[in-house]
$ cat model.pdb   # PDB, C-alpha atoms
ATOM      1  CA  MET T   1     151.854  61.841 237.795
ATOM      2  CA  LYS T   2     151.702  62.635 241.478
ATOM      3  CA  ASN T   3     148.560  63.054 243.534
ATOM      4  CA  GLY T   4     147.663  66.362 245.132
ATOM      5  CA  THR T   5     144.828  68.422 246.523
ATOM      6  CA  SER T   6     142.141  69.350 244.011
ATOM      7  CA  LYS T   7     141.916  72.968 242.837
ATOM      8  CA  ARG T   8     140.123  74.373 239.827
ATOM      9  CA  ILE T   9     142.404  76.599 237.807
ATOM     10  CA  SER T  10     141.265  78.917 235.083
ATOM     11  CA  ALA T  11     144.045  79.134 232.490
ATOM     12  CA  VAL T  12     142.466  82.225 230.984
ATOM     13  CA  ASN T  13     141.671  81.645 227.341
ATOM     14  CA  ALA T  14     144.002  84.019 225.603
ATOM     15  CA  ILE T  15     141.608  84.475 222.766
ATOM     16  CA  LEU T  16     139.688  86.687 225.175
ATOM     17  CA  LEU T  17     142.799  88.351 226.632
ATOM     18  CA  ALA T  18     143.259  90.749 223.749
ATOM     19  CA  ALA T  19     139.553  91.588 223.883
ATOM     20  CA  MET T  20     139.992  92.662 227.499
ATOM     21  CA  SER T  21     142.132  95.524 226.243
ATOM     22  CA  LEU T  22     139.066  96.753 224.326
ATOM     23  CA  LEU T  23     135.769  95.822 225.932
ATOM     24  CA  SER T  24     133.691  98.073 228.176
ATOM     25  CA  ILE T  25     130.334  99.727 227.702
ATOM     26  CA  ALA T  26     129.859 103.436 228.305
ATOM     27  CA  ALA T  27     127.568 106.279 227.361
ATOM     28  CA  ILE T  28     128.918 108.789 224.845
ATOM     29  CA  ALA T  29     129.053 112.519 225.250
ATOM     30  CA  ILE T  30     131.182 114.275 222.659
ATOM     31  CA  PRO T  31     132.748 117.559 223.726
ATOM     32  CA  SER T  32     135.148 119.390 221.473
ATOM     33  CA  ALA T  33     138.681 117.954 221.579
ATOM     34  CA  HIS T  34     140.140 121.422 220.983
ATOM     35  CA  ALA T  35     138.111 122.942 223.815
ATOM     36  CA  ALA T  36     139.564 120.435 226.275
ATOM     37  CA  SER T  37     143.216 120.622 225.238
ATOM     38  CA  PRO T  38     145.713 122.662 223.179
ATOM     39  CA  LEU T  39     147.106 119.412 221.744
ATOM     40  CA  LEU T  40     146.643 118.512 218.110
ATOM     41  CA  PRO T  41     143.910 115.896 217.520
ATOM     42  CA  ALA T  42     146.458 113.106 216.874
ATOM     43  CA  GLU T  43     148.287 113.962 220.111
ATOM     44  CA  GLN T  44     145.010 114.224 222.018
ATOM     45  CA  CYS T  45     144.039 110.809 220.675
ATOM     46  CA  ASP T  46     147.395 109.415 221.826
ATOM     47  CA  ALA T  47     146.942 110.955 225.262
ATOM     48  CA  GLU T  48     143.369 109.734 225.706
ATOM     49  CA  ALA T  49     143.450 106.263 224.113
ATOM     50  CA  GLY T  50     147.002 104.869 224.059
ATOM     51  CA  SER T  51     147.139 101.178 225.006
ATOM     52  CA  GLU T  52     149.739  99.663 227.330
ATOM     53  CA  HIS T  53     149.934  96.717 224.941
ATOM     54  CA  ASP T  54     150.940  98.918 222.010
ATOM     55  CA  LEU T  55     154.688  99.052 221.391
ATOM     56  CA  GLN T  56     153.954 101.698 218.748
ATOM     57  CA  ARG T  57     152.123 104.065 221.094
ATOM     58  CA  ASN T  58     153.230 107.664 221.688
ATOM     59  CA  LEU T  59     155.559 107.360 224.703
ATOM     60  CA  SER T  60     155.075 111.037 225.551
ATOM     61  CA  PHE T  61     151.809 109.999 227.217
ATOM     62  CA  ARG T  62     150.867 107.382 229.777
ATOM     63  CA  PRO T  63     148.813 104.422 228.523
ATOM     64  CA  VAL T  64     145.109 104.448 229.387
ATOM     65  CA  ALA T  65     143.333 101.364 230.742
ATOM     66  CA  THR T  66     140.008 100.498 229.143
ATOM     67  CA  GLU T  67     138.077 101.327 232.287
ATOM     68  CA  ASP T  68     139.761 104.750 232.438
ATOM     69  CA  LEU T  69     138.912 105.838 228.889
ATOM     70  CA  ARG T  70     137.070 109.164 228.783
ATOM     71  CA  ILE T  71     134.839 108.048 225.943
ATOM     72  CA  GLY T  72     133.540 111.424 224.798
ATOM     73  CA  ILE T  73     136.883 113.237 224.721
ATOM     74  CA  ALA T  74     138.774 110.265 223.279
ATOM     75  CA  LEU T  75     136.172 109.620 220.591
ATOM     76  CA  SER T  76     136.106 113.257 219.511
ATOM     77  CA  ALA T  77     139.910 113.508 219.319
ATOM     78  CA  CYS T  78     140.480 110.161 217.618
ATOM     79  CA  ARG T  79     137.747 110.746 215.049
ATOM     80  CA  GLU T  80     139.192 114.117 214.189
ATOM     81  CA  ALA T  81     142.693 112.624 213.983
ATOM     82  CA  TYR T  82     141.387 109.857 211.726
ATOM     83  CA  ASN T  83     139.623 112.365 209.465
ATOM     84  CA  GLN T  84     142.924 114.222 209.139
ATOM     85  CA  GLY T  85     144.638 110.999 207.993
ATOM     86  CA  SER T  86     146.868 110.695 211.051
ATOM     87  CA  GLY T  87     147.889 107.033 210.650
ATOM     88  CA  PRO T  88     147.338 103.416 211.802
ATOM     89  CA  ARG T  89     148.076 104.097 215.487
ATOM     90  CA  GLN T  90     145.268 106.617 215.820
ATOM     91  CA  THR T  91     143.036 104.380 213.689
ATOM     92  CA  PHE T  92     143.617 101.558 216.190
ATOM     93  CA  GLN T  93     142.951 103.925 219.085
ATOM     94  CA  LEU T  94     139.713 105.044 217.452
ATOM     95  CA  ALA T  95     138.749 101.369 217.132
ATOM     96  CA  ARG T  96     139.558 100.867 220.807
ATOM     97  CA  VAL T  97     137.336 103.745 221.900
ATOM     98  CA  LEU T  98     134.513 102.718 219.559
ATOM     99  CA  ASP T  99     134.549  99.222 221.036
ATOM    100  CA  ALA T 100     134.544 100.628 224.557
ATOM    101  CA  ALA T 101     131.528 102.691 223.532
ATOM    102  CA  GLY T 102     129.721  99.565 222.343
ATOM    103  CA  GLN T 103     130.078 100.303 218.625
ATOM    104  CA  ARG T 104     131.596  96.937 217.777
ATOM    105  CA  ALA T 105     130.919  96.876 214.031
ATOM    106  CA  GLN T 106     132.528 100.290 213.521
ATOM    107  CA  SER T 107     135.413  99.229 215.736
ATOM    108  CA  MET T 108     136.019  96.130 213.627
ATOM    109  CA  ALA T 109     136.092  98.223 210.447
ATOM    110  CA  MET T 110     138.684 100.550 211.968
ATOM    111  CA  LEU T 111     140.757  97.599 213.192
ATOM    112  CA  GLU T 112     140.775  96.109 209.701
ATOM    113  CA  GLU T 113     142.048  99.418 208.346
ATOM    114  CA  ALA T 114     144.768  99.614 211.009
ATOM    115  CA  VAL T 115     145.808  96.047 210.165
ATOM    116  CA  GLN T 116     146.395  97.203 206.593
ATOM    117  CA  GLY T 117     148.815  99.716 208.093
ATOM    118  CA  ASN T 118     150.682  96.848 209.862
ATOM    119  CA  HIS T 119     149.684  97.940 213.363
ATOM    120  CA  ALA T 120     150.509  94.961 215.610
ATOM    121  CA  VAL T 121     147.950  95.391 218.412
ATOM    122  CA  ALA T 122     145.260  96.016 215.809
ATOM    123  CA  MET T 123     146.210  92.654 214.265
ATOM    124  CA  VAL T 124     145.734  90.916 217.631
ATOM    125  CA  ASN T 125     142.369  92.505 218.337
ATOM    126  CA  TYR T 126     141.131  92.005 214.786
ATOM    127  CA  ALA T 127     142.246  88.367 215.013
ATOM    128  CA  VAL T 128     140.115  87.959 218.143
ATOM    129  CA  MET T 129     137.055  89.269 216.304
ATOM    130  CA  ILE T 130     137.474  87.148 213.189
ATOM    131  CA  GLY T 131     138.179  84.144 215.396
ATOM    132  CA  GLU T 132     134.828  84.717 217.064
ATOM    133  CA  ARG T 133     133.338  84.492 213.563
ATOM    134  CA  GLY T 134     134.992  81.145 212.965
ATOM    135  CA  ASP T 135     137.974  82.023 210.750
ATOM    136  CA  HIS T 136     140.641  80.480 212.954
ATOM    137  CA  ALA T 137     143.195  80.042 210.176
ATOM    138  CA  LYS T 138     143.267  83.803 209.530
ATOM    139  CA  GLU T 139     143.189  84.454 213.266
ATOM    140  CA  PHE T 140     146.293  82.293 213.759
ATOM    141  CA  ALA T 141     148.100  83.915 210.814
ATOM    142  CA  LEU T 142     147.520  87.376 212.288
ATOM    143  CA  TYR T 143     148.867  86.285 215.683
ATOM    144  CA  GLN T 144     151.996  85.026 213.930
ATOM    145  CA  LYS T 145     152.454  88.289 212.049
ATOM    146  CA  ALA T 146     151.933  90.409 215.168
ATOM    147  CA  ALA T 147     154.204  88.201 217.285
ATOM    148  CA  ALA T 148     156.994  88.688 214.751
ATOM    149  CA  THR T 149     157.000  92.385 215.709
ATOM    150  CA  GLY T 150     157.574  91.509 219.384
ATOM    151  CA  ASN T 151     153.983  92.051 220.536
ATOM    152  CA  ILE T 152     153.420  90.250 223.837
ATOM    153  CA  LEU T 153     149.671  89.765 223.467
ATOM    154  CA  ALA T 154     150.322  87.997 220.165
ATOM    155  CA  ALA T 155     153.010  85.815 221.750
ATOM    156  CA  TYR T 156     150.636  84.795 224.522
ATOM    157  CA  ASN T 157     147.798  84.132 222.068
ATOM    158  CA  LEU T 158     150.093  81.974 219.942
ATOM    159  CA  GLY T 159     150.874  79.952 223.058
ATOM    160  CA  VAL T 160     147.174  79.310 223.582
ATOM    161  CA  ALA T 161     146.644  78.563 219.888
ATOM    162  CA  TYR T 162     149.336  75.885 219.927
ATOM    163  CA  ARG T 163     148.124  74.526 223.272
ATOM    164  CA  ASP T 164     144.466  74.294 222.232
ATOM    165  CA  GLY T 165     144.817  73.754 218.483
ATOM    166  CA  VAL T 166     143.258  77.063 217.392
ATOM    167  CA  GLY T 167     143.915  77.474 213.674
ATOM    168  CA  THR T 168     146.829  75.030 213.868
ATOM    169  CA  GLU T 169     147.783  71.595 215.178
ATOM    170  CA  VAL T 170     148.296  71.141 218.917
ATOM    171  CA  ASN T 171     152.003  71.486 219.697
ATOM    172  CA  GLY T 172     153.018  71.556 223.343
ATOM    173  CA  THR T 173     156.643  72.446 222.631
ATOM    174  CA  LEU T 174     155.705  75.543 220.623
ATOM    175  CA  ALA T 175     153.021  76.467 223.174
ATOM    176  CA  ALA T 176     155.661  76.396 225.911
ATOM    177  CA  GLN T 177     158.069  78.463 223.809
ATOM    178  CA  TRP T 178     155.511  81.218 223.167
ATOM    179  CA  PHE T 179     154.351  81.271 226.786
ATOM    180  CA  ALA T 180     158.026  81.573 227.763
ATOM    181  CA  ARG T 181     158.437  84.577 225.447
ATOM    182  CA  ALA T 182     155.424  86.244 227.002
ATOM    183  CA  SER T 183     156.723  85.461 230.491
ATOM    184  CA  ALA T 184     160.135  86.922 229.646
ATOM    185  CA  ALA T 185     158.338  90.177 228.842
ATOM    186  CA  ARG T 186     156.853  90.127 232.375
ATOM    187  CA  ASP T 187     153.470  88.780 231.341
ATOM    188  CA  GLY T 188     151.883  87.056 234.336
ATOM    189  CA  LEU T 189     149.514  84.886 232.329
ATOM    190  CA  GLY T 190     152.364  83.675 230.145
ATOM    191  CA  ALA T 191     154.294  82.553 233.229
ATOM    192  CA  PHE T 192     151.197  80.935 234.732
ATOM    193  CA  ASN T 193     150.256  78.963 231.628
ATOM    194  CA  LEU T 194     153.833  77.776 231.130
ATOM    195  CA  ALA T 195     153.789  76.570 234.740
ATOM    196  CA  VAL T 196     150.510  74.735 234.064
ATOM    197  CA  LEU T 197     152.039  72.907 231.087
ATOM    198  CA  LEU T 198     155.066  71.851 233.142
ATOM    199  CA  ASP T 199     152.948  70.930 236.164
ATOM    200  CA  GLU T 200     150.438  68.865 234.206
ATOM    201  CA  GLY T 201     152.999  67.093 232.016
ATOM    202  CA  THR T 202     150.575  66.211 229.215
ATOM    203  CA  LEU T 203     151.828  68.311 226.294
ATOM    204  CA  VAL T 204     155.415  68.701 227.539
ATOM    205  CA  PRO T 205     157.479  66.564 229.937
ATOM    206  CA  GLU T 206     156.416  67.068 233.544
ATOM    207  CA  ASP T 207     158.880  69.190 235.537
ATOM    208  CA  ASP T 208     157.624  70.144 238.986
ATOM    209  CA  HIS T 209     160.727  72.181 239.832
ATOM    210  CA  LYS T 210     160.398  74.429 236.774
ATOM    211  CA  ALA T 211     156.623  74.587 237.229
ATOM    212  CA  ALA T 212     157.112  75.946 240.750
ATOM    213  CA  GLN T 213     159.556  78.563 239.436
ATOM    214  CA  PHE T 214     157.065  79.860 236.881
ATOM    215  CA  TYR T 215     154.188  79.746 239.376
ATOM    216  CA  LYS T 216     156.379  81.919 241.615
ATOM    217  CA  LEU T 217     156.965  84.397 238.765
ATOM    218  CA  ALA T 218     153.252  84.548 238.028
ATOM    219  CA  ALA T 219     152.368  84.870 241.717
ATOM    220  CA  ASP T 220     154.839  87.738 242.101
ATOM    221  CA  ARG T 221     153.020  89.423 239.202
ATOM    222  CA  GLY T 222     149.686  89.100 240.995
ATOM    223  CA  ASN T 223     148.213  85.913 239.503
ATOM    224  CA  VAL T 224     145.933  84.432 242.166
ATOM    225  CA  ASP T 225     145.694  80.945 240.658
ATOM    226  CA  ALA T 226     149.491  80.784 240.582
ATOM    227  CA  MET T 227     149.546  81.629 244.293
ATOM    228  CA  VAL T 228     147.184  78.744 245.002
ATOM    229  CA  ASN T 229     149.016  76.202 242.857
ATOM    230  CA  LEU T 230     152.384  77.220 244.311
ATOM    231  CA  GLY T 231     150.858  76.877 247.763
ATOM    232  CA  LEU T 232     149.721  73.342 246.919
ATOM    233  CA  MET T 233     153.181  72.418 245.634
ATOM    234  CA  LEU T 234     154.802  73.810 248.791
ATOM    235  CA  GLU T 235     152.269  71.991 250.933
ATOM    236  CA  ASN T 236     152.781  68.641 249.190
ATOM    237  CA  GLY T 237     156.512  68.917 248.476
ATOM    238  CA  GLU T 238     156.180  68.826 244.681
ATOM    239  CA  GLY T 239     159.419  69.903 242.992
ATOM    240  CA  MET T 240     160.833  71.094 246.324
ATOM    241  CA  ASP T 241     160.903  70.231 250.007
ATOM    242  CA  ALA T 242     157.528  70.573 251.687
ATOM    243  CA  ASP T 243     157.191  73.905 253.514
ATOM    244  CA  PRO T 244     153.827  74.226 255.272
ATOM    245  CA  GLU T 245     154.554  77.767 256.506
ATOM    246  CA  ALA T 246     155.437  79.035 253.022
ATOM    247  CA  ALA T 247     152.371  77.243 251.645
ATOM    248  CA  LEU T 248     150.151  78.962 254.194
ATOM    249  CA  ALA T 249     151.663  82.334 253.238
ATOM    250  CA  MET T 250     150.789  81.689 249.592
ATOM    251  CA  PHE T 251     147.237  80.711 250.488
ATOM    252  CA  ALA T 252     146.931  83.832 252.645
ATOM    253  CA  MET T 253     147.994  86.035 249.715
ATOM    254  CA  ALA T 254     145.400  84.415 247.448
ATOM    255  CA  ALA T 255     142.749  84.604 250.168
ATOM    256  CA  LYS T 256     143.284  88.368 250.465
ATOM    257  CA  LYS T 257     142.449  88.624 246.777
ATOM    258  CA  GLY T 258     139.171  86.785 247.321
ATOM    259  CA  ASP T 259     140.013  83.214 246.275
ATOM    260  CA  ALA T 260     137.491  80.935 248.022
ATOM    261  CA  PHE T 261     139.692  77.835 247.916
ATOM    262  CA  ALA T 262     142.576  79.722 249.547
ATOM    263  CA  GLN T 263     140.223  81.121 252.173
ATOM    264  CA  ASP T 264     139.177  77.568 253.043
ATOM    265  CA  LYS T 265     142.834  76.523 253.250
ATOM    266  CA  ILE T 266     143.656  79.137 255.886
ATOM    267  CA  ALA T 267     140.363  78.595 257.762
ATOM    268  CA  PRO T 268     139.407  74.946 257.106
ATOM    269  CA  GLN T 269     135.821  73.801 257.519
ATOM    270  CA  PRO T 270     135.139  71.371 260.422
ATOM    271  CA  VAL T 271     135.787  67.740 259.465
ATOM    272  CA  ASP T 272     133.001  65.177 259.872
ATOM    273  CA  THR T 273     135.061  62.699 261.888
ATOM    274  CA  ALA T 274     132.274  60.106 261.936
ATOM    275  CA  THR T 275     132.155  60.003 258.147
ATOM    276  CA  THR T 276     135.940  60.059 257.809
ATOM    277  CA  ALA T 277     136.359  57.228 260.288
ATOM    278  CA  SER T 278     133.987  55.058 258.263
ATOM    279  CA  ILE T 279     136.267  55.204 255.198
ATOM    280  CA  GLU T 280     138.740  52.342 254.991
ATOM    281  CA  THR T 281     142.424  53.301 254.788
ATOM    282  CA  SER T 282     142.674  51.708 251.346
ATOM    283  CA  GLU T 283     139.747  53.841 250.158
ATOM    284  CA  GLN T 284     141.008  57.129 251.563
ATOM    285  CA  ALA T 285     143.702  57.399 248.879
ATOM    286  CA  SER T 286     141.043  57.495 246.172
ATOM    287  CA  VAL T 287     139.450  60.516 247.864
ATOM    288  CA  VAL T 288     142.581  62.586 247.029
ATOM    289  CA  LEU T 289     142.244  63.734 243.421
ATOM    290  CA  ALA T 290     145.098  63.628 240.934
ATOM    291  CA  LYS T 291     147.261  66.725 240.610
ATOM    292  CA  THR T 292     145.995  67.374 237.095
ATOM    293  CA  SER T 293     142.444  67.772 238.365
ATOM    294  CA  ARG T 294     143.360  71.235 239.631
ATOM    295  CA  LEU T 295     144.411  72.292 236.122
ATOM    296  CA  LYS T 296     142.288  73.190 233.127
TER     297      LYS T 296
END

$ encode --input "model.pdb" --output "structure tokens"
Amino acid sequence: MKNGTSKRISAVNAILLAAMSLLSIAAIAIPSAHAASPLLPAEQCDAEAGSEHDLQRNLSFRPVATEDLRIGIALSACREAYNQGSGPRQTFQLARVLDAAGQRAQSMAMLEEAVQGNHAVAMVNYAVMIGERGDHAKEFALYQKAAATGNILAAYNLGVAYRDGVGTEVNGTLAAQWFARASAARDGLGAFNLAVLLDEGTLVPEDDHKAAQFYKLAADRGNVDAMVNLGLMLENGEGMDADPEAALAMFAMAAKKGDAFAQDKIAPQPVDTATTASIETSEQASVVLAKTSRLK
């Protein structure tokens, strides 16, 4: 294992990733769905609450990010669609809006119903909730079932489950395979976490060259931690020839996104030369932390 500059990396716990597609708190005002649109309630629900993570969503409408949900309109339309027996997609979307409105218990009940209708994203989000309650075996089984449909959130969550031993035994090879599937579907976190596994070399054989490739993929998709780690590899010549200029460019990209470590790298703090001079050469090597210390 090589030595390198220390950097804390947050390999985002995927068990929370699916929840991010749901959680937000907002006040509720409930106007009439029909007054706002000529669409049928099921179509209005699709238009107001479709998730980008849902391969079963109505492609006639753009997906809606959680922070962009119009709670009152979406809740009115999705409730009316649900009351008309529209199907598991609208049931999931109702659950999504209820959770965004802070009605978590009602949301969980709707998710459970959508799961019975084999709705993949509902399985992922329901798995998150039951995992929070301690039933990790059922959580893992739902991720497997959803991943079999091609759902990317489920693939990513399976990667984390195998990496961290959530509802199953730790298996680095399977973790890498599921992160690779998520990465192939253009998931930035999948690419980043696969790079971490290859960089760290604990659960799978260390491969700095491949790690750098997946950090680059994740960085291109906007992952700030990937930018920093790729910058460190370029700076230190890990898996490639050292390229200080390219490293600085990576740090600059991360710094623009607010990363404090990257900001320090492009504008280093003054060095206390008196203190540094007092450290023996043989001791200075121990000041440089191992590469794995920048990974979590």

$ closest_residue --input "model.pdb" --among "T:Gly231, T:Thr173, T:Leu153, T:Arg181" --to "T:Ala246" --atoms "all atoms listed in the file"
T:Gly231

$ residues_around --input "model.pdb" --residues "T:Arg89" --least-positions-apart "5" --cutoff "9 Å" --atoms "all atoms listed in the file" --output "list in words"
Asp46, Gly50, Asp54, Gln56, Arg57, Asn58, Leu94, Ala114, Gly117, His119 and Ala122 of chain T

$ residues_around --input "model.pdb" --residues "T:Ala252" --least-positions-apart "4" --cutoff "8 Å" --atoms "all atoms listed in the file" --output "list in words"
Leu248, Lys256, Ala262, Gln263 and Ile266 of chain T

$ atom_distance --input "model.pdb" --atom1 "atom CA of T:Met110" --atom2 "atom CA of T:Thr91"
6.0 Å

$ atom_distance --input "model.pdb" --atom1 "atom CA of T:Asn125" --atom2 "atom CA of T:Tyr82"
18.6 Å

$ atom_distance --input "model.pdb" --atom1 "atom CA of T:Cys45" --atom2 "atom CA of T:Val115"
18.2 Å

$ decode --input "model.pdb" --residues "stretch 137-160 of chain T" --atoms "N, CA, C and O atoms" --output "tab-separated table (two decimals), in the first residue's frame"
chain	number	residue	atom	x	y	z
T	137	ALA	N	-32.22	-8.14	6.81
T	137	ALA	CA	-32.38	-9.28	5.90
T	137	ALA	C	-33.45	-8.98	4.85
T	137	ALA	O	-33.26	-9.23	3.65
T	138	LYS	N	-34.58	-8.43	5.28
T	138	LYS	CA	-35.65	-8.08	4.34
T	138	LYS	C	-35.21	-6.92	3.46
T	138	LYS	O	-35.53	-6.88	2.26
T	139	GLU	N	-34.50	-5.98	4.04
T	139	GLU	CA	-33.97	-4.85	3.28
T	139	GLU	C	-33.11	-5.36	2.12
T	139	GLU	O	-33.29	-4.97	0.96
T	140	PHE	N	-32.18	-6.27	2.42
T	140	PHE	CA	-31.28	-6.81	1.40
T	140	PHE	C	-32.06	-7.57	0.33
T	140	PHE	O	-31.79	-7.43	-0.87
T	141	ALA	N	-33.05	-8.35	0.75
T	141	ALA	CA	-33.85	-9.13	-0.21
T	141	ALA	C	-34.60	-8.21	-1.18
T	141	ALA	O	-34.70	-8.51	-2.38
T	142	LEU	N	-35.09	-7.08	-0.68
T	142	LEU	CA	-35.80	-6.14	-1.54
T	142	LEU	C	-34.84	-5.47	-2.53
T	142	LEU	O	-35.19	-5.24	-3.69
T	143	TYR	N	-33.63	-5.15	-2.09
T	143	TYR	CA	-32.64	-4.59	-3.02
T	143	TYR	C	-32.35	-5.59	-4.13
T	143	TYR	O	-32.24	-5.21	-5.31
T	144	GLN	N	-32.22	-6.87	-3.77
T	144	GLN	CA	-31.97	-7.89	-4.79
T	144	GLN	C	-33.11	-7.95	-5.80
T	144	GLN	O	-32.87	-8.01	-7.02
T	145	LYS	N	-34.34	-7.94	-5.30
T	145	LYS	CA	-35.49	-8.04	-6.18
T	145	LYS	C	-35.59	-6.83	-7.10
T	145	LYS	O	-35.86	-6.95	-8.31
T	146	ALA	N	-35.34	-5.64	-6.55
T	146	ALA	CA	-35.42	-4.42	-7.36
T	146	ALA	C	-34.27	-4.37	-8.37
T	146	ALA	O	-34.45	-3.94	-9.52
T	147	ALA	N	-33.08	-4.81	-7.96
T	147	ALA	CA	-31.93	-4.78	-8.86
T	147	ALA	C	-32.14	-5.71	-10.05
T	147	ALA	O	-31.66	-5.43	-11.16
T	148	ALA	N	-32.89	-6.79	-9.84
T	148	ALA	CA	-33.15	-7.73	-10.93
T	148	ALA	C	-33.97	-7.10	-12.04
T	148	ALA	O	-33.97	-7.58	-13.17
T	149	THR	N	-34.66	-5.99	-11.74
T	149	THR	CA	-35.45	-5.29	-12.76
T	149	THR	C	-34.60	-4.26	-13.52
T	149	THR	O	-35.08	-3.62	-14.44
T	150	GLY	N	-33.35	-4.08	-13.09
T	150	GLY	CA	-32.47	-3.09	-13.72
T	150	GLY	C	-32.43	-1.76	-13.00
T	150	GLY	O	-31.83	-0.80	-13.51
T	151	ASN	N	-33.03	-1.67	-11.81
T	151	ASN	CA	-33.05	-0.39	-11.09
T	151	ASN	C	-31.65	-0.04	-10.58
T	151	ASN	O	-31.00	-0.85	-9.90
T	152	ILE	N	-31.20	1.18	-10.88
T	152	ILE	CA	-29.84	1.58	-10.57
T	152	ILE	C	-29.66	1.88	-9.08
T	152	ILE	O	-28.61	1.58	-8.50
T	153	LEU	N	-30.65	2.47	-8.44
T	153	LEU	CA	-30.55	2.69	-7.00
T	153	LEU	C	-30.35	1.37	-6.27
T	153	LEU	O	-29.55	1.27	-5.34
T	154	ALA	N	-31.10	0.35	-6.68
T	154	ALA	CA	-30.98	-0.96	-6.05
T	154	ALA	C	-29.60	-1.56	-6.29
T	154	ALA	O	-29.00	-2.16	-5.38
T	155	ALA	N	-29.07	-1.40	-7.50
T	155	ALA	CA	-27.73	-1.90	-7.80
T	155	ALA	C	-26.70	-1.23	-6.91
T	155	ALA	O	-25.83	-1.90	-6.33
T	156	TYR	N	-26.79	0.07	-6.78
T	156	TYR	CA	-25.86	0.80	-5.92
T	156	TYR	C	-26.00	0.34	-4.47
T	156	TYR	O	-25.00	0.08	-3.78
T	157	ASN	N	-27.24	0.22	-3.99
T	157	ASN	CA	-27.46	-0.17	-2.60
T	157	ASN	C	-26.95	-1.58	-2.34
T	157	ASN	O	-26.46	-1.88	-1.25
T	158	LEU	N	-27.07	-2.47	-3.33
T	158	LEU	CA	-26.51	-3.81	-3.17
T	158	LEU	C	-24.98	-3.73	-3.04
T	158	LEU	O	-24.38	-4.49	-2.26
T	159	GLY	N	-24.37	-2.84	-3.81
T	159	GLY	CA	-22.92	-2.66	-3.68
T	159	GLY	C	-22.53	-2.29	-2.27
T	159	GLY	O	-21.58	-2.84	-1.69
T	160	VAL	N	-23.27	-1.36	-1.68
T	160	VAL	CA	-22.98	-0.95	-0.30
T	160	VAL	C	-23.26	-2.08	0.68
T	160	VAL	O	-22.52	-2.30	1.64
